[in-house]
Amino acid sequence: AQSVTQLGSHVSVSEGALVLLRCNYSSSVPPYLFWYVQYPNQGLQLLLKYTSAATLVKGINGFEAEFKKSETSFHLTKPSAHMSDAAEYFCAVSVSFGNEKLTFGTGTRLTIIP
Amino acid sequence: DTAVSQTPKYLVTQMGNDKSIKCEQNLGHDTMYWYKQDSKKFLKIMFSYNNKELIINETVPNRFSPKSPDKAHLNLHINSLELGDSAVYFCASSQDRTGTGELFFGEGSRLTVL
């Protein structure tokens, strides 16, 4: 069975600073990995996904993530935080077949300090 | 146009009552899901339907009964509501069942059981 671990349930960064949200995965088969964002009182929205193509994946709103097999990691980064980035971020993992196998992490709340 | 819409957005009810949440997607997707998000933001899949056929039922009490009249609709009926059912319920859809798919989420239905 696959799983993800998000280190840090809360992360605070200053506006303009680097954003780094950590995600480590566990999977017995090559995984597909996802980052979703949830703004207050909204549903989840896909930021980016890794599906065994390029290991550096670019997503919406300037976010990117790098798949590192040796470290079993898929950390999310953004060079310069914006106030509008404040949200809950979820890492998720899936096996090659079956979206119902998508397993979410416990989320990281990102706060941006003006 | 909202891609995945849920109604109602808020639901407050007494223990023991029966309630329903409706979900519709206009994306032409084959697969729909119900997720439960608890107070700690943990997301857990409840049901998955593919072309109106139940694919997964993840250890959900039989008080919860999903119904899919067509592939664009997936409703959730809950009998004999309990305090522990208080949560945000998210409907989602994906083009198909493959693990490389993206899930599109509704805005959620916040259920409060008193």
# chains A, B, ... in the order shown; residues from 1 in each chain; ligands from 1
>>> closest_atom_pairs(of="chain A", to="chain B", cutoff="12 Å", atoms="only C-alpha atoms", output="tab-separated table")
residue	atom	partner	partner_atom	distance
A:Gln6	CA	B:Phe42	CA	11.8
A:Ser9	CA	B:Lys40	CA	10.0
A:Pro30	CA	B:Gly99	CA	11.4
A:Pro31	CA	B:Gly99	CA	9.1
A:Tyr32	CA	B:Thr100	CA	6.7
A:Leu33	CA	B:Thr100	CA	8.9
A:Phe34	CA	B:Glu102	CA	8.8
A:Trp35	CA	B:Glu102	CA	10.5
A:Tyr36	CA	B:Leu103	CA	9.5
A:Val37	CA	B:Phe105	CA	10.9
A:Gln38	CA	B:Glu107	CA	9.6
A:Tyr39	CA	B:Glu107	CA	9.9
A:Pro40	CA	B:Glu107	CA	9.8
A:Asn41	CA	B:Glu107	CA	6.9
A:Gln42	CA	B:Glu107	CA	4.5
A:Gly43	CA	B:Glu107	CA	4.2
A:Leu44	CA	B:Phe105	CA	5.6
A:Gln45	CA	B:Phe104	CA	6.8
A:Leu46	CA	B:Glu102	CA	7.0
A:Leu47	CA	B:Glu102	CA	10.0
A:Leu48	CA	B:Glu102	CA	9.4
A:Lys49	CA	B:Thr100	CA	8.4
A:Tyr50	CA	B:Thr100	CA	8.6
A:Thr51	CA	B:Thr100	CA	6.4
A:Ser52	CA	B:Thr100	CA	9.8
A:Ala53	CA	B:Thr100	CA	11.5
A:Glu88	CA	B:Lys41	CA	8.8
A:Tyr89	CA	B:Lys41	CA	10.3
A:Phe90	CA	B:Leu43	CA	9.3
A:Cys91	CA	B:Leu43	CA	11.0
A:Ala92	CA	B:Leu43	CA	10.3
A:Val93	CA	B:Gly99	CA	9.0
A:Ser94	CA	B:Gly99	CA	5.8
A:Val95	CA	B:Gly99	CA	6.0
A:Ser96	CA	B:Gly99	CA	5.1
A:Phe97	CA	B:Gly99	CA	4.7
A:Gly98	CA	B:Gly99	CA	4.9
A:Asn99	CA	B:Gly99	CA	4.6
A:Glu100	CA	B:Ser48	CA	6.4
A:Lys101	CA	B:Gly99	CA	7.6
A:Leu102	CA	B:Gly99	CA	7.4
A:Thr103	CA	B:Lys44	CA	7.8
A:Phe104	CA	B:Leu43	CA	6.4
A:Gly105	CA	B:Phe42	CA	7.4
A:Thr106	CA	B:Phe42	CA	5.2
A:Gly107	CA	B:Lys41	CA	6.9
A:Thr108	CA	B:Lys41	CA	9.5
A:Arg109	CA	B:Lys41	CA	9.9
>>> residues_around(residues="Ala3 (chain B)", least_positions_apart="4", cutoff="7 Å", atoms="only C-alpha atoms", output="JSON, numbers by chain")
{"B": [25, 26, 27]}
>>> write_last_selection(atoms="C-alpha atoms", output="mmCIF file, in the first residue's frame")
data_model
loop_
_atom_site.group_PDB
_atom_site.id
_atom_site.type_symbol
_atom_site.label_atom_id
_atom_site.label_comp_id
_atom_site.auth_asym_id
_atom_site.auth_seq_id
_atom_site.Cartn_x
_atom_site.Cartn_y
_atom_site.Cartn_z
ATOM 1 C CA GLN B 25 -20.409 17.270 -12.841
ATOM 2 C CA ASN B 26 -20.594 18.809 -16.301
ATOM 3 C CA LEU B 27 -17.156 17.677 -17.441
#
>>> atom_distance(atom1="CA of Ser73 (chain A)", atom2="CA of Gly8 (chain A)")
14.3 Å
>>> select_by_dssp(residues="chain A", states="helix (DSSP H, G or I)", output="number ranges by chain")
A: 60-62, 69-71, 83-85, 99-101
>>> atom_distance(atom1="CA of Ala72 (chain B)", atom2="CA of Asp85 (chain B)")
25.2 Å
>>> select_by_dssp(residues="chain B", states="strand (DSSP E or B)", output="JSON, numbers by chain")
{"B": [4, 5, 6, 7, 10, 11, 12, 13, 19, 20, 21, 22, 23, 24, 25, 31, 32, 33, 34, 35, 36, 37, 43, 44, 45, 46, 47, 48, 49, 50, 53, 54, 55, 56, 57, 64, 65, 66, 67, 73, 75, 76, 77, 78, 87, 88, 89, 90, 91, 92, 93, 94, 98, 104, 105, 109, 110, 111, 112, 113]}
>>> atom_distance(atom1="CA of Trp34 (chain B)", atom2="CA of Leu74 (chain B)")
8.2 Å
>>> closest_residue(among="A:Ala81, A:Ala1, A:Ala86, A:Leu56", to="Ala17 (chain A)", atoms="only C-alpha atoms")
A:Ala81
>>> closest_residue(among="A:Gly62, A:Pro114, A:Val57, A:Ala87", to="Val11 (chain A)", atoms="only C-alpha atoms")
A:Ala87
>>> residues_around(residues="region 10-16 of chain B", least_positions_apart="3", cutoff="9 Å", atoms="only C-alpha atoms", output="list of chain:residue names")
B:Thr7, B:Lys19, B:Ile21, B:Asn79, B:Ser80, B:Leu81, B:Glu82, B:Leu83, B:Val88, B:Gly108, B:Ser109, B:Arg110, B:Leu111, B:Thr112, B:Val113, B:Leu114
>>> write_last_selection(atoms="N, CA, C and O atoms", output="mmCIF file, in the first residue's frame")
data_model
loop_
_atom_site.group_PDB
_atom_site.id
_atom_site.type_symbol
_atom_site.label_atom_id
_atom_site.label_comp_id
_atom_site.auth_asym_id
_atom_site.auth_seq_id
_atom_site.Cartn_x
_atom_site.Cartn_y
_atom_site.Cartn_z
ATOM 1 N N THR B 7 -24.683 20.377 -3.569
ATOM 2 C CA THR B 7 -25.694 21.078 -2.780
ATOM 3 C C THR B 7 -26.216 20.139 -1.694
ATOM 4 O O THR B 7 -26.373 18.928 -1.928
ATOM 5 N N LYS B 19 -30.277 12.684 5.841
ATOM 6 C CA LYS B 19 -30.015 13.820 4.954
ATOM 7 C C LYS B 19 -29.340 13.339 3.675
ATOM 8 O O LYS B 19 -28.720 12.269 3.643
ATOM 9 N N ILE B 21 -26.917 14.715 0.170
ATOM 10 C CA ILE B 21 -26.081 15.710 -0.504
ATOM 11 C C ILE B 21 -26.038 15.317 -1.978
ATOM 12 O O ILE B 21 -25.828 14.144 -2.306
ATOM 13 N N ASN B 79 -28.319 7.978 6.542
ATOM 14 C CA ASN B 79 -29.400 7.662 7.483
ATOM 15 C C ASN B 79 -28.898 7.763 8.922
ATOM 16 O O ASN B 79 -27.715 7.562 9.219
ATOM 17 N N SER B 80 -29.834 8.039 9.816
ATOM 18 C CA SER B 80 -29.550 7.998 11.263
ATOM 19 C C SER B 80 -28.238 8.696 11.601
ATOM 20 O O SER B 80 -27.306 8.086 12.139
ATOM 21 N N LEU B 81 -28.177 9.971 11.301
ATOM 22 C CA LEU B 81 -26.937 10.724 11.479
ATOM 23 C C LEU B 81 -26.410 10.668 12.906
ATOM 24 O O LEU B 81 -27.177 10.701 13.880
ATOM 25 N N GLU B 82 -25.075 10.574 13.013
ATOM 26 C CA GLU B 82 -24.386 10.533 14.295
ATOM 27 C C GLU B 82 -23.446 11.734 14.397
ATOM 28 O O GLU B 82 -23.076 12.332 13.393
ATOM 29 N N LEU B 83 -23.064 12.051 15.647
ATOM 30 C CA LEU B 83 -22.163 13.193 15.860
ATOM 31 C C LEU B 83 -20.889 13.060 15.040
ATOM 32 O O LEU B 83 -20.372 14.038 14.492
ATOM 33 N N VAL B 88 -16.652 17.748 6.416
ATOM 34 C CA VAL B 88 -16.905 18.330 5.093
ATOM 35 C C VAL B 88 -16.840 17.180 4.081
ATOM 36 O O VAL B 88 -15.871 16.416 4.073
ATOM 37 N N GLY B 108 -17.396 21.397 -1.619
ATOM 38 C CA GLY B 108 -17.608 20.759 -0.331
ATOM 39 C C GLY B 108 -18.975 21.069 0.270
ATOM 40 O O GLY B 108 -19.576 22.102 -0.012
ATOM 41 N N SER B 109 -19.436 20.139 1.085
ATOM 42 C CA SER B 109 -20.679 20.316 1.840
ATOM 43 C C SER B 109 -20.355 20.093 3.306
ATOM 44 O O SER B 109 -19.947 18.990 3.689
ATOM 45 N N ARG B 110 -20.490 21.148 4.080
ATOM 46 C CA ARG B 110 -20.148 21.059 5.512
ATOM 47 C C ARG B 110 -21.358 20.587 6.279
ATOM 48 O O ARG B 110 -22.364 21.287 6.357
ATOM 49 N N LEU B 111 -21.241 19.379 6.846
ATOM 50 C CA LEU B 111 -22.334 18.776 7.619
ATOM 51 C C LEU B 111 -22.037 18.906 9.100
ATOM 52 O O LEU B 111 -20.966 18.480 9.561
ATOM 53 N N THR B 112 -22.965 19.472 9.841
ATOM 54 C CA THR B 112 -22.836 19.576 11.289
ATOM 55 C C THR B 112 -24.004 18.838 11.918
ATOM 56 O O THR B 112 -25.165 19.157 11.641
ATOM 57 N N VAL B 113 -23.677 17.858 12.740
ATOM 58 C CA VAL B 113 -24.706 17.070 13.421
ATOM 59 C C VAL B 113 -24.717 17.477 14.895
ATOM 60 O O VAL B 113 -23.686 17.417 15.585
ATOM 61 N N LEU B 114 -25.854 17.925 15.367
ATOM 62 C CA LEU B 114 -25.968 18.408 16.755
ATOM 63 C C LEU B 114 -26.591 17.358 17.669
ATOM 64 O O LEU B 114 -27.357 16.496 17.195
#
>>> closest_residue(among="B:Asn17, B:Lys22, B:Gly28, B:Asp38", to="Asn50 (chain B)", atoms="only C-alpha atoms")
B:Gly28
